[in-house]
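**Student:** Starting off with a structure, shown below.
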Amino acid sequence: MAALIEIERLTKRFGAFTAVDDVSFSVDRGEVVGFLGPNGAGKSTTMKMLAGFVTPSAGTARICGKDVVDDPVAAKRSLGYLPEGAPTYPEMTVTAFLKFVARIRGYRGIEAGERVEDAMDLTQLQGVRLQPIETLSKGFKRRVGLAQALLHDPPVLVLDEPTDGLDPNQKHEVRELIRRMAPDKAILISTHILEEVDAVCTRAIIIAHGKVLADSPPSALAKPGKSLEQVFRDLTARPAEAA
Ligand SMILES: Nc1ncnc2c1ncn2[C@@H]1O[C@H](COP(=O)(O)OP(=O)(O)OP(=O)(O)O)[C@@H](O)[C@H]1O
C-alpha cells in the first residue's frame with residue numbers, strides 16, 4: 001500500500017531563490033517523522049505545500065494518494081495541519097473557533113459538539129473554553145491550533161513546531177499525545193528541539209538550503225561518540241560555510 005504522505009521531487013522557487021529543492025520522501029502509517037533543519041531551511045515551505053497553502057514550482061505531493069494540487073479538497077479531508085504561529089480569528093472564543101472549524105469540516109449538530117469536546121479534551125483546553133483566543137498565552141494558542149488540526153481525526157498530521165512556546169509540562173503532554181496517536185497515523189513534525197526527535201520520532205529528516213541531507217531513524221543518525229546535535233551541526237553547517 002502507498003504511503004500516506006508521498007513527496008516526489010518537490011521544489012519551490014520564490015523568484016530566483018529556491019527554498020525547497022528537489023525534495024522526495026514518504027511517511028507511512030505508524031511513522032512519526034521529525035523534520036529538522038536550521039532557520040530558513042525550507043521546512044515550513046514544504047509543509048505549506050503539503051497543506052495546499054503554497055503551490056509547488058515542480059514535483060508532486062500526495063496525501064492518502066490524493067494530489068494536493070489536482071485534488072486539493074480530497075487531500076485536505078485526510079490532513080490535519082498545524083501552521084506556525086497562532087490561530088486566526090483572535091476575537092473568537094476557543095469553543096466558537098473550534099465549532100466554526102467543525103462546521104467547515106462538515107460536522108453538524110450533536111456530532112459537531114462531540115468533535116469540539118473531544119478535541120478540547122485531547123489538548124486540555126476545557127479550562128479556557130470561553131476565553132477569546134487573543135487573550136490566551138502563547139502555549140494555549142498553540143494548543144488551540146493543535147485542537148483544530150486534530151478535530152476531524154485525520155489519518156495524516158503535518159505539525160509545524162507543535163511544541164513551540166509550550167512550557168516543559170505542556171511539551172511533555174503534547175509529545176505523549178503524538179505518541180498515543182502515532183500507531184494509526186502518518187505524522188510529520190518540524191522542530192528545532194533535537195531531544196524531541198529522540199522522544200517521539202521514528203525517523204528524522206534533516207534539511208538545509210532546501211535539500212534533504214539525511215533521512216534515517218534517529219538512532220542511526222547519532223554515531224558512537226556523537227550526539228544527534230553534533231551530527232545535525234556537522235551536516236547543516238557545511239553547506240552554509242561553502243555558500
Ligand atoms: N513567500 C515567500 N517569498 C520569498 N521567500 C520566502 C517566502 N516564504 C519563505 N521564503 C524563504 O524561503 C526560505 C525557507 O523558509 P521556510 O520558512 O520554509 O524555512 P524553515 O525551515 O521553516 O525555517 P524556520 O526554522 O526559521 O521556521 C527562507 O529563506 C525564507 O525566507
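Letters A, B, ... go to the chains of the C-alpha cells in the order shown; residues in each chain start at 1; ligands are counted from 1 in the same order.
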Would you list the residues that come within 8 Å of ligand 1? Count only C-alpha atoms and all ligand atoms and give the answer as number ranges by chain.
**Tutor:** A: 14-15, 17-20, 36-47, 84, 190-192, 207-210
**Student:** Go ahead and dump the residues you just picked, C-alpha atoms, as an mmCIF file, in the first residue's frame.
**Tutor:**
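Result saved to out_16.cif:
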data_model
loop_
_atom_site.group_PDB
_atom_site.id
_atom_site.type_symbol
_atom_site.label_atom_id
_atom_site.label_comp_id
_atom_site.auth_asym_id
_atom_site.auth_seq_id
_atom_site.Cartn_x
_atom_site.Cartn_y
_atom_site.Cartn_z
ATOM 1 C CA PHE A 14 10.464 32.375 -4.960
ATOM 2 C CA GLY A 15 11.790 34.347 -7.929
ATOM 3 C CA PHE A 17 15.623 31.815 -4.896
ATOM 4 C CA THR A 18 14.995 28.083 -4.424
ATOM 5 C CA ALA A 19 13.519 27.499 -0.957
ATOM 6 C CA VAL A 20 12.750 23.776 -1.440
ATOM 7 C CA LEU A 36 14.817 19.156 11.200
ATOM 8 C CA GLY A 37 16.843 21.990 9.815
ATOM 9 C CA PRO A 38 18.295 25.391 10.598
ATOM 10 C CA ASN A 39 16.219 28.576 10.217
ATOM 11 C CA GLY A 40 15.218 29.111 6.605
ATOM 12 C CA ALA A 41 15.964 25.502 5.594
ATOM 13 C CA GLY A 42 12.624 25.055 3.832
ATOM 14 C CA LYS A 43 10.645 23.081 6.442
ATOM 15 C CA SER A 44 7.615 25.379 6.672
ATOM 16 C CA THR A 45 7.511 25.886 2.905
ATOM 17 C CA THR A 46 7.459 22.101 2.376
ATOM 18 C CA MET A 47 4.668 21.771 4.946
ATOM 19 C CA GLU A 84 3.429 28.073 12.555
ATOM 20 C CA SER A 190 9.065 20.129 12.262
ATOM 21 C CA THR A 191 11.119 21.019 15.278
ATOM 22 C CA HIS A 192 14.286 22.736 16.417
ATOM 23 C CA ILE A 207 17.075 19.553 5.524
ATOM 24 C CA ALA A 208 19.261 22.600 4.823
ATOM 25 C CA HIS A 209 19.147 25.111 1.973
ATOM 26 C CA GLY A 210 16.058 23.301 0.677
#
**Student:** When you look at A:Val94 with a cut-off of 10 Å (counting only C-alpha atoms), what residues show up, excluding the ones that are within fewer than 5 positions of it in the same chain? I need them as a ChimeraX atom specification.
**Tutor:** /A:89,99-100,116,120,125-126,128-134,136,140-141,144-145,147-148
**Student:** Mind giving me the straight-line distance from atom CA of A:Asp67 to atom CA of A:Pro87 in Å, one decimal?
**Tutor:**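 About the pair atom CA of A:Asp67 and atom CA of A:Pro87: they are 25.6 Å apart.
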**Student:** Residues near stretch 68-83 of chain A, anyone? I mean within 12 Å using only C-alpha atoms, not counting same-chain ones fewer than 6 positions away, as a CSV table (one decimal) with N, CA and C atoms, in the first residue's frame.
**Tutor:**
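Okay, this is what ended up in out.csv:
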chain,number,residue,atom,x,y,z
A,4,LEU,N,1.1,7.2,3.3
A,4,LEU,CA,0.0,8.2,3.5
A,4,LEU,C,0.5,9.6,3.0
A,5,ILE,N,1.8,9.9,3.2
A,5,ILE,CA,2.4,11.1,2.7
A,5,ILE,C,3.4,10.7,1.6
A,6,GLU,N,3.3,11.2,0.4
A,6,GLU,CA,4.2,10.9,-0.7
A,6,GLU,C,4.7,12.2,-1.3
A,7,ILE,N,5.9,12.5,-1.2
A,7,ILE,CA,6.5,13.8,-1.8
A,7,ILE,C,7.6,13.3,-2.8
A,10,LEU,N,9.8,17.5,-4.9
A,10,LEU,CA,9.1,18.8,-4.7
A,10,LEU,C,10.0,20.0,-4.6
A,43,LYS,N,11.6,24.0,5.8
A,43,LYS,CA,10.6,23.1,6.4
A,43,LYS,C,9.2,23.6,6.3
A,44,SER,N,9.0,24.8,6.7
A,44,SER,CA,7.6,25.4,6.7
A,44,SER,C,7.1,25.4,5.2
A,45,THR,N,8.0,25.8,4.3
A,45,THR,CA,7.5,25.9,2.9
A,45,THR,C,7.1,24.5,2.4
A,46,THR,N,7.8,23.5,2.8
A,46,THR,CA,7.5,22.1,2.4
A,46,THR,C,6.1,21.7,3.0
A,47,MET,N,5.9,22.1,4.3
A,47,MET,CA,4.7,21.8,4.9
A,47,MET,C,3.5,22.6,4.4
A,48,LYS,N,3.8,23.8,4.0
A,48,LYS,CA,2.7,24.6,3.4
A,48,LYS,C,2.3,24.0,2.0
A,49,MET,N,3.3,23.5,1.3
A,49,MET,CA,2.9,22.9,0.0
A,49,MET,C,2.0,21.6,0.3
A,50,LEU,N,2.4,20.8,1.3
A,50,LEU,CA,1.6,19.7,1.6
A,50,LEU,C,0.1,20.1,2.0
A,51,ALA,N,0.0,21.2,2.7
A,51,ALA,CA,-1.3,21.7,3.2
A,51,ALA,C,-2.0,22.5,2.1
A,52,GLY,N,-1.4,22.7,1.0
A,52,GLY,CA,-2.1,23.4,-0.1
A,52,GLY,C,-2.1,24.9,0.0
A,53,PHE,N,-1.3,25.5,0.9
A,53,PHE,CA,-1.2,26.9,1.0
A,53,PHE,C,-0.2,27.6,0.1
A,54,VAL,N,0.8,26.7,-0.4
A,54,VAL,CA,1.8,27.2,-1.3
A,54,VAL,C,1.8,26.3,-2.5
A,55,THR,N,1.8,26.8,-3.7
A,55,THR,CA,1.8,25.9,-4.9
A,55,THR,C,3.2,25.6,-5.3
A,56,PRO,N,3.5,24.3,-5.5
A,56,PRO,CA,4.8,23.9,-5.8
A,56,PRO,C,5.2,24.4,-7.2
A,57,SER,N,6.5,24.7,-7.4
A,57,SER,CA,7.0,25.1,-8.7
A,57,SER,C,7.3,23.9,-9.5
A,58,ALA,N,7.6,22.8,-8.9
A,58,ALA,CA,7.8,21.5,-9.6
A,58,ALA,C,7.6,20.4,-8.6
A,59,GLY,N,7.4,19.2,-9.1
A,59,GLY,CA,7.2,18.0,-8.3
A,59,GLY,C,5.8,17.8,-7.8
A,60,THR,N,5.6,16.7,-7.0
A,60,THR,CA,4.2,16.4,-6.6
A,60,THR,C,4.2,16.1,-5.1
A,61,ALA,N,3.0,16.3,-4.5
A,61,ALA,CA,2.8,15.8,-3.1
A,61,ALA,C,1.4,15.2,-3.0
A,62,ARG,N,1.4,14.1,-2.4
A,62,ARG,CA,0.1,13.4,-2.2
A,62,ARG,C,-0.2,13.0,-0.8
A,101,VAL,N,-14.6,25.5,13.0
A,101,VAL,CA,-13.8,24.6,12.3
A,101,VAL,C,-14.6,23.3,12.0
A,104,ILE,N,-16.9,23.8,9.2
A,104,ILE,CA,-16.1,23.8,7.9
A,104,ILE,C,-15.8,22.3,7.5
A,105,ARG,N,-15.5,21.5,8.5
A,105,ARG,CA,-15.1,20.1,8.2
A,105,ARG,C,-16.4,19.3,7.9
A,106,GLY,N,-17.6,19.9,8.0
A,106,GLY,CA,-18.8,19.2,7.5
A,106,GLY,C,-19.6,18.6,8.7
A,141,LYS,N,-2.5,29.2,22.9
A,141,LYS,CA,-2.8,29.4,21.5
A,141,LYS,C,-2.3,28.3,20.6
A,142,ARG,N,-1.1,27.8,20.9
A,142,ARG,CA,-0.6,26.7,20.1
A,142,ARG,C,-1.5,25.5,20.3
A,143,ARG,N,-2.0,25.3,21.5
A,143,ARG,CA,-2.9,24.1,21.7
A,143,ARG,C,-4.2,24.2,21.0
A,144,VAL,N,-4.7,25.5,20.8
A,144,VAL,CA,-5.9,25.7,20.0
A,144,VAL,C,-5.6,25.3,18.6
A,145,GLY,N,-4.5,25.7,18.1
A,145,GLY,CA,-4.1,25.3,16.7
A,145,GLY,C,-4.0,23.8,16.6
A,146,LEU,N,-3.5,23.1,17.6
A,146,LEU,CA,-3.4,21.7,17.6
A,146,LEU,C,-4.8,21.1,17.6
A,147,ALA,N,-5.7,21.6,18.4
A,147,ALA,CA,-7.1,21.1,18.5
A,147,ALA,C,-7.8,21.2,17.1
A,148,GLN,N,-7.6,22.3,16.4
A,148,GLN,CA,-8.3,22.4,15.1
A,148,GLN,C,-7.7,21.4,14.1
A,149,ALA,N,-6.4,21.1,14.3
A,149,ALA,CA,-5.7,20.1,13.4
A,149,ALA,C,-6.2,18.7,13.6
A,150,LEU,N,-6.6,18.4,14.9
A,150,LEU,CA,-7.0,17.0,15.3
A,150,LEU,C,-8.5,16.8,15.2
A,151,LEU,N,-9.2,17.8,15.1
A,151,LEU,CA,-10.7,17.8,15.3
A,151,LEU,C,-11.4,16.7,14.5
A,152,HIS,N,-11.0,16.5,13.2
A,152,HIS,CA,-11.6,15.5,12.3
A,152,HIS,C,-10.9,14.2,12.3
A,153,ASP,N,-10.0,14.0,13.3
A,153,ASP,CA,-9.3,12.7,13.5
A,153,ASP,C,-8.7,12.2,12.1
A,154,PRO,N,-7.9,13.1,11.5
A,154,PRO,CA,-7.4,12.8,10.1
A,154,PRO,C,-6.2,11.7,10.2
A,155,PRO,N,-6.1,10.9,9.1
A,155,PRO,CA,-5.0,9.9,9.1
A,155,PRO,C,-3.6,10.5,9.0
A,156,VAL,N,-3.5,11.8,8.5
A,156,VAL,CA,-2.2,12.4,8.3
A,156,VAL,C,-2.2,13.7,9.1
A,157,LEU,N,-1.1,13.9,9.9
A,157,LEU,CA,-0.9,15.2,10.6
A,157,LEU,C,0.4,15.8,10.2
A,158,VAL,N,0.3,17.1,9.8
A,158,VAL,CA,1.5,17.8,9.5
A,158,VAL,C,1.6,19.0,10.5
A,159,LEU,N,2.5,18.9,11.4
A,159,LEU,CA,2.6,19.8,12.5
A,159,LEU,C,3.8,20.7,12.5
A,160,ASP,N,3.7,22.0,12.3
A,160,ASP,CA,4.8,22.9,12.2
A,160,ASP,C,5.2,23.4,13.6
A,161,GLU,N,6.2,22.8,14.2
A,161,GLU,CA,6.7,23.2,15.5
A,161,GLU,C,5.6,23.1,16.6
A,162,PRO,N,5.1,21.9,16.8
A,162,PRO,CA,3.9,21.7,17.7
A,162,PRO,C,4.2,22.1,19.1
A,163,THR,N,5.4,22.0,19.6
A,163,THR,CA,5.7,22.4,21.0
A,163,THR,C,6.3,23.7,21.2
A,164,ASP,N,6.3,24.5,20.1
A,164,ASP,CA,6.9,25.9,20.2
A,164,ASP,C,6.1,26.7,21.2
A,185,LYS,N,-1.6,6.8,12.5
A,185,LYS,CA,-1.5,8.0,11.6
A,185,LYS,C,-0.1,8.0,11.0
A,186,ALA,N,0.0,8.9,10.0
A,186,ALA,CA,1.4,9.3,9.5
A,186,ALA,C,1.5,10.7,10.0
A,187,ILE,N,2.6,11.0,10.7
A,187,ILE,CA,2.8,12.3,11.3
A,187,ILE,C,4.2,12.9,10.9
A,188,LEU,N,4.1,14.1,10.5
A,188,LEU,CA,5.3,14.9,10.1
A,188,LEU,C,5.4,16.1,11.0
A,189,ILE,N,6.4,16.2,11.8
A,189,ILE,CA,6.6,17.4,12.7
A,189,ILE,C,7.9,18.1,12.5
A,190,SER,N,7.8,19.4,12.3
A,190,SER,CA,9.1,20.1,12.3
A,190,SER,C,9.4,20.6,13.7
**Student:** Return the single residue from A:Leu213, A:Pro218, A:Pro224, A:Leu98 that is closest to A:Ala237, with distances computed using only C-alpha atoms.
**Tutor:**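 So, comparing all the options, the nearest one is A:Leu213.
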**Student:** DSSP on the backbone, strand (DSSP E) only: what residues of stretch 103-206 of chain A does that give? Format it as a ChimeraX atom specification.
**Tutor:** /A:156-160,186-191,203-206
**Student:** Step one, run DSSP on the backbone; step two, keep only residues of chain A assigned to helix (DSSP H, G or I); then write them as number ranges by chain.
**Tutor:** A: 43-51, 72-77, 94-104, 109-122, 126-128, 133-135, 138-150, 168-184, 194-200, 218-221, 228-242
**Student:** Using Å and a single decimal, report how far atom CA of A:Ser227 sits from atom CA of A:Gly165.
**Tutor:**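 It comes out at 24.5 Å.
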**Student:** Counting only C-alpha atoms, which of A:Gly85, A:Gly65, A:Glu176, A:Leu235 gets nearest to A:Val212?
**Tutor:**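 Distance minimum relative to A:Val212 lands on A:Leu235.
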**Student:** Quick one: of A:Thr135, A:Lys171, A:Gly109, A:Asp22, who's nearest to A:Thr93, counting only C-alpha atoms?
**Tutor:**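 Closest candidate: A:Thr135.
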